[in-house]
There are 2 protein chains.
Amino acid sequence: MISTCLKQTISRALQPFPPTLTRRMSAGTAASRTDTTSRLAELRKLMAAHNVEVYIVPSEDAHQSEYIAPVDARRAFISGFTGSAGCALVTPTKASLSTDGRYFLQAEQELDSNWELLKQGLPDVPTWQEWALREAEGGKNIGVDACLISAAQAKSLAEKLKNRNGGELIGMDVNLVDLVCGEKQPERPKEHLRILGLEFAGKPFEEKLVEIRKEIEKNKGSGLIVSMLDEIAWLFNLRGNDIPYNPVFFSYAFITPTEATLYIDEDKITEKVRENLGDNVNIKPYNAIFDDVKTFGEATASNDQKLLVTSSASWALTKSVGENKISTIKAPIEAAKAVKNETEVKGMRNAHIRDGAAQIQYFAWLERALLRGEIYDEVSAADKLEEFRKEKEHFVGLSFPTISSAGSNGAIIHYQPEKSTCARVEKDKIYLCDSGAQFLDGTTDSTRTVHYGTPTPEEKKSYTLVLKGHIAVARAVFPKGSSGFILDILARQYLWRAGLDYRHGTGHGVGSFLNVHEGPIGIGTRMQYNEVPLEVGMLISNEPGYYEDGQYGIRIENVVLVVEKNTPSNFGDKKYYGFETVTMVPMCKKLTDPTMLDEEEKKWLNEYHSEVYEKTKSFFKGDEYTLEWLKRETTPI
Amino acid sequence: MISTCLKQTISRALQPFPPTLTRRMSAGTAASRTDTTSRLAELRKLMAAHNVEVYIVPSEDAHQSEYIAPVDARRAFISGFTGSAGCALVTPTKASLSTDGRYFLQAEQELDSNWELLKQGLPDVPTWQEWALREAEGGKNIGVDACLISAAQAKSLAEKLKNRNGGELIGMDVNLVDLVCGEKQPERPKEHLRILGLEFAGKPFEEKLVEIRKEIEKNKGSGLIVSMLDEIAWLFNLRGNDIPYNPVFFSYAFITPTEATLYIDEDKITEKVRENLGDNVNIKPYNAIFDDVKTFGEATASNDQKLLVTSSASWALTKSVGENKISTIKAPIEAAKAVKNETEVKGMRNAHIRDGAAQIQYFAWLERALLRGEIYDEVSAADKLEEFRKEKEHFVGLSFPTISSAGSNGAIIHYQPEKSTCARVEKDKIYLCDSGAQFLDGTTDSTRTVHYGTPTPEEKKSYTLVLKGHIAVARAVFPKGSSGFILDILARQYLWRAGLDYRHGTGHGVGSFLNVHEGPIGIGTRMQYNEVPLEVGMLISNEPGYYEDGQYGIRIENVVLVVEKNTPSNFGDKKYYGFETVTMVPMCKKLTDPTMLDEEEKKWLNEYHSEVYEKTKSFFKGDEYTLEWLKRETTPI
């Protein structure tokens with residue numbers, strides 16, 4: 001599933017709060033707009049009371065999470081825009097919403113007339129920072145909840161504000177949108193944690209602590225503040241249920257050379273979890289981190305050592321410690337987590353085979369249903385896919401809301417169907433399905449684009465251009481030390497030659513029974529992807545696409561594992577790496593134009609299909625129909 | 001011709017001074033070493049007298065030139081290493097020379113036992129900065145001629161020195177190597193300037209001044225200091241002869257909204273040049289720039305405006321002005337110069353056709369000579385090539401010393417044959433010839449690798465892998481805004497698949513009757529290439545290679561022009577760009593394995609060969625042999 005943003009944001013699996021007041025996006029009906037007039041009026045009163053002339057409402061929660069819990073959906077509440085990426089800005093007379101190319105259509109459909117849309121990436125459109133700075137010229141203050149903005153972002157904005165003769169950037173303790181929402185704001189979730197056994201995690205948390213402490217020492221730190229939720233879950237081999245689709249839990253962690261403390265609502269900790277953590281880990285209340293790091297910072301201030309944070313640490317955290325006692329480092333836990341251990345790799349392979357079997361059942365079922373004239377809409381079809389997945393071993397839940405999109409809805413890159421308004425799936429229209437699940441042994445994410453009637457030559461051409469890019473990435477061989485950044489052109493080259501392109505990245509890191517998008521790796525044009533070499537054991541998506549607005553969307557996505565390649569030579573003793581595809585679902589033959597594929601591409605496709613068949617066929621014992629469908633779809637071209 | 005370095009340095013066309021004391025590199029004989037013992041002893045005495053414990057001897061001159069005049073070859077003099085890229089470091093007891101992969105072999109052959117070689121890019125080898133910092137630990141001073149190091153490099157080094165408890169970085173007014181050399185140091189050249197007529201330059205210098213002044217205004221500057229020699233030559237439509245192969249002249253320029261001053265030894269200015277510059281340009285002595293910018297900086301210090309410099313400005317310059325009065329910007333003249341105007345583009349096309357004709361004559365002649373059993377060595381062969389070039393209209397000289405290399409010498413990436421020691425060109429060995437010329441209407445640079453006997457299957461395979469990469473770049477289509485950085489993988493992908501690679505960049509900008517290497521564009525893995533989008537009218541080389549140490553070298557280089565491509569679609573209204581190849585010399589059919597080329601690649605090759613034939617055939621009237629050779633080499637495969 002696509003990630004184009006710095007924070008790899010995606011369509012969120014949540015209702016903006018309160019759920020009854022707003023609606024998810026529907027297929028372009030006016031009904032999807034929220035009237036934000038009274039909310040904005042209330043917010044503006046509060047802004048005046050707090051002496052703030054520009055108020056920033058970021059998408060993120062206090063942990064810079066990509067997906068958020070309903071309680072944190074402040075930007076959706078105030079603006080009505082429910083996409084995952086975007087920032088809302090409010091002044092006494094204006095309101096603007098900045099988002100990227102994936103969400104232009106959706107934002108136009110959801111925003112009411114109070115809002116101006118800032119389409120990021122189009123020429124002459126200001127970033128939200130530029131817009132805020134312009135509005136703050138002449139000594140006006142900008143306010144933001146200090147928990148919801150990273151220290152680096154705050155610092156950069158404050159400096160620019162100074163240069164533009166603006167007022168102050170005020171990092172506020174109170175959240176003004178929460179005040180507007182009042183009692184209607186949902187509760188913060190309190191579900192119990194789950195221990196992830198060694199048979200899935202592959203490495204005891206005590207060992208992970210030892211390794212992270214080495215990193216702290218290497219970085220000459222007195223301790224490390226951890227605020228990213230998936231890093232905490234990975235570190236302690238714990239999983240939670242606080243954010244839809246993400247098995248994480250609200251918490252902070254603070255690791256020193258001798259102590260490890262988990263800051264969490266104690267209601268979530270069962271006796272078993274407490275026992276499992278033993279004497280190695282202290283447990284303290286969620287908000288106690290702020291006082292603790294402040295005290296720790298003061299006590300160790302005389303040292304040469306600094307308190308380590310990562311770029312995702314909130315401004316509220318770094319303000320607590322004191323900026324001069326902080327050193328910002330590349331996230332060591334994120335880096336360690338990205339390289340899967342043998343148990344995790346095995347789990348990911350197996351999870352993708354089971355997930356592939358579910359998708360094969362689904363696409364075979366869907367074809368028959370549509371050809372028989374049965375009526376399914378985007379939501380009821382996706383529900384059927386979930387049923388097939390649920391039957392599979394170790395299934396926990398979906399890893400993101402299924403993007404089940406028929407015809408022109410496929411061109412809305414992060415479309416989410418709504419039962420009341422969604423379109424019918426039709427055999428004569430392209431159907432794009434981007435879906436994934438959480439299994440105890442791995443997280444899956446794949447996209448197939450199919451057609452059950454007679455596609456047009458143009459549709460076939462577009463699909464095959466995307467497929468050629470997908471295969472070019474899948475077959476890539478590159479020296480150790482190469483990043484995903486440099487691979488991006490492989491996916492786009494054939495589209496470019498036709499004057500086509502897609503407005504999203506080509507790949508994102510995938511967690512192991514964790515977030516479906518995880519850093520630090522990616523395939524795409526963002527410079528930070530060039531800072532991290534691909535290492536053996538990393539998992540990343542390969543998902544080029546093409547979108548014809550108002551017509552159809554095409555995306556072909558597999559998860560691939562970085563492996564060492566056995567090349568004929570080994571120039572420079574570098575080692576050469578490549579990918580092993582772990583997703584196991586056939587491509588759509590009907591949409592493939594074999595005359596556009598060269599011999600190497602055909603070979604790759606035939607070998608992939610043969611592997612899909614061999615690895616999934618055992619799931620269809622007694623299901624002759626699906627097995628026949630699979631055979632048909634995987635015979636060589 | 002290859003450029004891998006930040007400054008796009010290459011094998012220099014110069015004798016280190018004094019010429020009688022050192023020798024150019026030869027084909028690996030011990031005779032190529034210079035005994036540096038006494039020079040080092042003298043230098044160390046001077047270091048002690050100046051209270052310097054680590055002395056830096058950079059490659060560059062005061063203008064950060066890639067090629068230097070003999071008078072500036074200080075690093076070659078002190079170390080004996082004559083390659084273009086590298087930095088020498090001397091302490092009271094140690095001496096080290098840092099260089100990159102192109103020069104490992106050459107440096108090993110040239111350095112005597114006083115020197116340690118720091119092979120850049122290999123694991124655990126320190127950069128020269130790291131080496132210097134380590135040696136300076138414990139309060140020791142590092143000294144450097146402030147003219148020979150850029151302000152940015154000096155600042156970064158000084159900061160690190162402070163953090164490492166070193167002493168001071170001393171920017172010296174005197175050059176200690178010059179003192180060691182004494183009277184033996186060559187004179188600074190004093191040849192007359194030449195006016196480049198509008199028929200070649202395409203735009204009056206007065207217009208260029210207007211455009212640059214707009215850039216100064218845009219950057220809120222009080223003036224711009226120009227220190228790069230090719231920028232000055234381009235700006236004033238003047239050419240000189242101070243540095244071998246580079247039609248530039250020692251000078252500085254200082255442009256303010258109302259004045260333009262050229263700082264140059266007045267002996268070089270003829271009456272005609274002075275008349276041409278008219279009242280628009282003041283002329284002052286070369287070294288007067290330092291006092292002038294100091295005075296100007298002081299006079300305008302109260303303004304908000306700063307004095308603009310580019311990253312190539314020397315520390316000596318920025319120290320004169322005062323660091324706080326300086327603002328460093330992206331070089332506006334370099335950027336303007338990179339986009340050729342219509343006259344320059346036409347000139348470059350024509351120059352490359354004439355240059356191609358000379359190469360065709362050469363390769364046809366060489367084949368016949370070798371098959372007849374005539375004896376030619378690398379130098380006498382290269383001399384013949386120069387003869388063919390000299391006959392062509394508008395020829396001025398070579399654009400770099402011809403890399404004429406037979407067999408294993410081809411694997412020394414920047415090999416320069418020496419008459420006394422060079423190898424014979426043999427019909428049964430791969431022969432690599434990288435050469436170029438300066439014409440009044442353009443600068444050429446191309447490499448052909450040929451074989452006149454029966455190449456081995458491995459040689460053919462290597463050649464064809466390189467050719468496939470070359471064709472992939474030549475055929476690339478990419479959206480406007482793309483950089484050369486992202487194209488690099490296209491050139492390497494086929495080699496990587498075989499576990500092969502080359503240790504240099506894929507492309508460099510090319511000047512228009514100016515330096516054969518010019519910024520800011522390039523195709524390669526250096527991050528700065530990603531900061532500059534390729535624009536229509538830019539010229540860049542396309543030169544993948546492969547080098548089998550001790551066996552052979554392969555490189556295929558054409559100069560290509562960025563053009564707009566007429567793609568079937570134009571997604572996002574972006575415009576899609578690609579290349580037009582301007583070099584007109586056939587590839588080596590004998591080394592090409594057609595079974596390794598796909599249909600698109602064959603089509604490109606056949607069309608290219610047909611174009612080469614059509615555009616050059618008129619040069620061979622009355623030269624039946626060459627015409628027949630060309631026909632044979634350009635018939636479709």
# chains A, B, ... in the order shown; residues from 1 in each chain; ligands from 1
$ select_by_dssp --residues "stretch 493-562 of chain B" --states "strand (DSSP E or B)" --output "PDB file with N, CA, C and O atoms, in the first residue's frame"
ATOM      1  N   GLY B 507      28.773  10.410 -16.225  1.00  0.00           N
ATOM      2  CA  GLY B 507      28.741  11.565 -17.116  1.00  0.00           C
ATOM      3  C   GLY B 507      29.100  12.859 -16.428  1.00  0.00           C
ATOM      4  O   GLY B 507      28.926  12.993 -15.218  1.00  0.00           O
ATOM      5  N   HIS B 508      29.630  13.791 -17.214  1.00  0.00           N
ATOM      6  CA  HIS B 508      29.995  15.113 -16.714  1.00  0.00           C
ATOM      7  C   HIS B 508      29.539  16.158 -17.712  1.00  0.00           C
ATOM      8  O   HIS B 508      29.427  15.868 -18.919  1.00  0.00           O
ATOM      9  N   GLY B 509      29.275  17.355 -17.232  1.00  0.00           N
ATOM     10  CA  GLY B 509      28.963  18.453 -18.137  1.00  0.00           C
ATOM     11  C   GLY B 509      30.150  18.765 -19.033  1.00  0.00           C
ATOM     12  O   GLY B 509      31.299  18.505 -18.665  1.00  0.00           O
ATOM     13  N   GLU B 518      32.689  20.404 -16.911  1.00  0.00           N
ATOM     14  CA  GLU B 518      32.164  21.569 -16.213  1.00  0.00           C
ATOM     15  C   GLU B 518      30.919  21.190 -15.425  1.00  0.00           C
ATOM     16  O   GLU B 518      30.223  20.228 -15.748  1.00  0.00           O
ATOM     17  N   GLY B 519      30.690  21.931 -14.353  1.00  0.00           N
ATOM     18  CA  GLY B 519      29.541  21.691 -13.497  1.00  0.00           C
ATOM     19  C   GLY B 519      28.340  22.404 -14.046  1.00  0.00           C
ATOM     20  O   GLY B 519      28.415  23.035 -15.092  1.00  0.00           O
ATOM     21  N   PRO B 520      27.234  22.377 -13.352  1.00  0.00           N
ATOM     22  CA  PRO B 520      27.032  21.634 -12.102  1.00  0.00           C
ATOM     23  C   PRO B 520      26.430  20.243 -12.322  1.00  0.00           C
ATOM     24  O   PRO B 520      26.220  19.529 -11.372  1.00  0.00           O
ATOM     25  N   ILE B 521      26.185  19.868 -13.589  1.00  0.00           N
ATOM     26  CA  ILE B 521      25.481  18.597 -13.812  1.00  0.00           C
ATOM     27  C   ILE B 521      26.435  17.420 -13.886  1.00  0.00           C
ATOM     28  O   ILE B 521      27.636  17.579 -14.097  1.00  0.00           O
ATOM     29  N   GLY B 522      25.892  16.250 -13.736  1.00  0.00           N
ATOM     30  CA  GLY B 522      26.661  15.031 -13.887  1.00  0.00           C
ATOM     31  C   GLY B 522      25.723  13.846 -13.784  1.00  0.00           C
ATOM     32  O   GLY B 522      24.614  13.960 -13.248  1.00  0.00           O
ATOM     33  N   ILE B 523      26.161  12.715 -14.323  1.00  0.00           N
ATOM     34  CA  ILE B 523      25.435  11.459 -14.123  1.00  0.00           C
ATOM     35  C   ILE B 523      26.312  10.616 -13.233  1.00  0.00           C
ATOM     36  O   ILE B 523      27.430  10.264 -13.601  1.00  0.00           O
ATOM     37  N   PRO B 533      18.537  19.819 -11.839  1.00  0.00           N
ATOM     38  CA  PRO B 533      17.769  19.137 -12.886  1.00  0.00           C
ATOM     39  C   PRO B 533      18.434  19.322 -14.242  1.00  0.00           C
ATOM     40  O   PRO B 533      19.059  20.355 -14.502  1.00  0.00           O
ATOM     41  N   MET B 538      21.498  21.467 -22.212  1.00  0.00           N
ATOM     42  CA  MET B 538      22.700  21.048 -21.488  1.00  0.00           C
ATOM     43  C   MET B 538      23.407  19.932 -22.255  1.00  0.00           C
ATOM     44  O   MET B 538      22.766  19.111 -22.902  1.00  0.00           O
ATOM     45  N   LEU B 539      24.725  19.896 -22.136  1.00  0.00           N
ATOM     46  CA  LEU B 539      25.518  18.842 -22.771  1.00  0.00           C
ATOM     47  C   LEU B 539      26.232  18.048 -21.695  1.00  0.00           C
ATOM     48  O   LEU B 539      26.804  18.621 -20.762  1.00  0.00           O
ATOM     49  N   ILE B 540      26.187  16.741 -21.833  1.00  0.00           N
ATOM     50  CA  ILE B 540      26.733  15.874 -20.791  1.00  0.00           C
ATOM     51  C   ILE B 540      27.317  14.634 -21.448  1.00  0.00           C
ATOM     52  O   ILE B 540      26.873  14.243 -22.528  1.00  0.00           O
ATOM     53  N   SER B 541      28.325  14.062 -20.828  1.00  0.00           N
ATOM     54  CA  SER B 541      28.885  12.844 -21.420  1.00  0.00           C
ATOM     55  C   SER B 541      28.129  11.626 -20.913  1.00  0.00           C
ATOM     56  O   SER B 541      27.511  11.646 -19.856  1.00  0.00           O
ATOM     57  N   ASN B 542      28.179  10.567 -21.698  1.00  0.00           N
ATOM     58  CA  ASN B 542      27.541   9.286 -21.375  1.00  0.00           C
ATOM     59  C   ASN B 542      28.637   8.254 -21.538  1.00  0.00           C
ATOM     60  O   ASN B 542      28.959   7.872 -22.652  1.00  0.00           O
ATOM     61  N   GLY B 545      31.805   2.193 -18.319  1.00  0.00           N
ATOM     62  CA  GLY B 545      33.005   1.437 -18.652  1.00  0.00           C
ATOM     63  C   GLY B 545      33.083   0.151 -17.856  1.00  0.00           C
ATOM     64  O   GLY B 545      32.213  -0.154 -17.032  1.00  0.00           O
ATOM     65  N   TYR B 546      34.097  -0.612 -18.154  1.00  0.00           N
ATOM     66  CA  TYR B 546      34.425  -1.760 -17.311  1.00  0.00           C
ATOM     67  C   TYR B 546      35.927  -2.016 -17.430  1.00  0.00           C
ATOM     68  O   TYR B 546      36.485  -1.949 -18.531  1.00  0.00           O
ATOM     69  N   TYR B 547      36.575  -2.308 -16.323  1.00  0.00           N
ATOM     70  CA  TYR B 547      38.031  -2.427 -16.298  1.00  0.00           C
ATOM     71  C   TYR B 547      38.433  -3.719 -15.604  1.00  0.00           C
ATOM     72  O   TYR B 547      38.058  -3.952 -14.460  1.00  0.00           O
ATOM     73  N   GLU B 548      39.140  -4.535 -16.316  1.00  0.00           N
ATOM     74  CA  GLU B 548      39.640  -5.791 -15.773  1.00  0.00           C
ATOM     75  C   GLU B 548      41.133  -5.576 -15.526  1.00  0.00           C
ATOM     76  O   GLU B 548      41.931  -5.561 -16.473  1.00  0.00           O
ATOM     77  N   TYR B 552      42.398  -5.508 -19.535  1.00  0.00           N
ATOM     78  CA  TYR B 552      41.907  -4.560 -20.534  1.00  0.00           C
ATOM     79  C   TYR B 552      40.975  -3.558 -19.869  1.00  0.00           C
ATOM     80  O   TYR B 552      40.509  -3.769 -18.748  1.00  0.00           O
ATOM     81  N   GLY B 553      40.733  -2.480 -20.603  1.00  0.00           N
ATOM     82  CA  GLY B 553      39.739  -1.508 -20.159  1.00  0.00           C
ATOM     83  C   GLY B 553      38.756  -1.258 -21.274  1.00  0.00           C
ATOM     84  O   GLY B 553      39.115  -1.289 -22.453  1.00  0.00           O
ATOM     85  N   ILE B 554      37.498  -1.059 -20.882  1.00  0.00           N
ATOM     86  CA  ILE B 554      36.452  -0.755 -21.866  1.00  0.00           C
ATOM     87  C   ILE B 554      35.737   0.508 -21.413  1.00  0.00           C
ATOM     88  O   ILE B 554      35.381   0.653 -20.241  1.00  0.00           O
ATOM     89  N   ARG B 555      35.581   1.439 -22.342  1.00  0.00           N
ATOM     90  CA  ARG B 555      34.740   2.603 -22.039  1.00  0.00           C
ATOM     91  C   ARG B 555      34.112   3.047 -23.347  1.00  0.00           C
ATOM     92  O   ARG B 555      34.754   2.985 -24.404  1.00  0.00           O
ATOM     93  N   GLU B 557      32.067   6.292 -24.761  1.00  0.00           N
ATOM     94  CA  GLU B 557      31.660   7.642 -24.372  1.00  0.00           C
ATOM     95  C   GLU B 557      31.180   8.468 -25.552  1.00  0.00           C
ATOM     96  O   GLU B 557      31.891   8.625 -26.539  1.00  0.00           O
ATOM     97  N   ASN B 558      29.986   8.994 -25.416  1.00  0.00           N
ATOM     98  CA  ASN B 558      29.463  10.001 -26.336  1.00  0.00           C
ATOM     99  C   ASN B 558      29.071  11.230 -25.536  1.00  0.00           C
ATOM    100  O   ASN B 558      28.725  11.125 -24.355  1.00  0.00           O
ATOM    101  N   VAL B 559      29.093  12.382 -26.189  1.00  0.00           N
ATOM    102  CA  VAL B 559      28.488  13.576 -25.599  1.00  0.00           C
ATOM    103  C   VAL B 559      27.041  13.631 -26.077  1.00  0.00           C
ATOM    104  O   VAL B 559      26.757  13.378 -27.248  1.00  0.00           O
ATOM    105  N   VAL B 560      26.136  13.906 -25.138  1.00  0.00           N
ATOM    106  CA  VAL B 560      24.713  13.964 -25.482  1.00  0.00           C
ATOM    107  C   VAL B 560      24.137  15.313 -25.066  1.00  0.00           C
ATOM    108  O   VAL B 560      24.609  15.949 -24.125  1.00  0.00           O
ATOM    109  N   LEU B 561      23.113  15.721 -25.793  1.00  0.00           N
ATOM    110  CA  LEU B 561      22.448  17.009 -25.574  1.00  0.00           C
ATOM    111  C   LEU B 561      21.067  16.733 -24.983  1.00  0.00           C
ATOM    112  O   LEU B 561      20.352  15.862 -25.468  1.00  0.00           O
ATOM    113  N   VAL B 562      20.693  17.456 -23.945  1.00  0.00           N
ATOM    114  CA  VAL B 562      19.351  17.287 -23.384  1.00  0.00           C
ATOM    115  C   VAL B 562      18.331  17.957 -24.307  1.00  0.00           C
ATOM    116  O   VAL B 562      18.490  19.132 -24.661  1.00  0.00           O
TER     117      VAL B 562
END
$ closest_atom_pairs --of "stretch 491-552 of chain B" --to "stretch 213-232 of chain B" --cutoff "10 Å" --atoms "only C-alpha atoms" --output "JSON lines"
{"residue": "B:Gly511", "atom": "CA", "partner": "B:Asp230", "partner_atom": "CA", "distance": 8.7}
{"residue": "B:Phe513", "atom": "CA", "partner": "B:Asp230", "partner_atom": "CA", "distance": 9.9}
{"residue": "B:Leu514", "atom": "CA", "partner": "B:Asp230", "partner_atom": "CA", "distance": 6.6}
{"residue": "B:Asn515", "atom": "CA", "partner": "B:Asp230", "partner_atom": "CA", "distance": 6.8}
{"residue": "B:Glu518", "atom": "CA", "partner": "B:Asp230", "partner_atom": "CA", "distance": 8.4}
$ interface_residues --of "chain A" --to "chain B" --cutoff "7 Å" --atoms "only C-alpha atoms" --output "ChimeraX atom specification"
/A:477-479,486,489,496-501,567-571,576
$ atom_distance --atom1 "atom CA of B:Trp128" --atom2 "atom CA of B:Ser98"
5.9 Å
$ select_by_dssp --residues "stretch 250-403 of chain B" --states "alpha helix (DSSP H)" --output "NGL selection string"
:B and (271-277 or 288-299 or 315-321 or 332-338 or 342-371 or 378-390)
$ closest_residue --among "A:Asn141, A:Leu118, A:Val125, A:Arg526" --to "A:His50" --atoms "only C-alpha atoms"
A:Asn141
$ closest_residue --among "B:Cys147, B:Cys588, B:Leu605, B:Ile142" --to "B:Pro636" --atoms "only C-alpha atoms"
B:Leu605
$ residues_around --residues "B:Arg75" --least-positions-apart "6" --cutoff "9 Å" --atoms "only C-alpha atoms" --output "NGL selection string"
:B and (16 or 57-60 or 81-82 or 86-88 or 177)
$ residues_around --residues "B:Gln106" --least-positions-apart "2" --cutoff "10 Å" --atoms "only C-alpha atoms" --output "ChimeraX atom specification"
/B:25-28,32,81-83,101-104,108-111,412-416
$ residues_around --residues "stretch 362-370 of chain B" --least-positions-apart "3" --cutoff "10 Å" --atoms "only C-alpha atoms" --output "ChimeraX atom specification"
/B:356-359,373-376,381-382,384-389,425-428,433,448,450-453,585-586,625-630,633
$ atom_distance --atom1 "atom CA of B:Leu148" --atom2 "atom CA of B:Val309"
15.7 Å
$ closest_atom_pairs --of "stretch 424-475 of chain B" --to "stretch 342-354 of chain B" --cutoff "9 Å" --atoms "only C-alpha atoms" --output "tab-separated table"
residue	atom	partner	partner_atom	distance
B:Ala437	CA	B:Ala351	CA	8.9
B:Gln438	CA	B:Ala351	CA	8.6
B:Phe439	CA	B:Ala351	CA	6.5
B:Leu440	CA	B:Gly347	CA	8.3
B:Asp441	CA	B:Gly347	CA	4.5
B:Gly442	CA	B:Met348	CA	4.6
B:Thr443	CA	B:Met348	CA	6.8
B:Thr444	CA	B:His352	CA	6.0
B:Asp445	CA	B:His352	CA	8.5
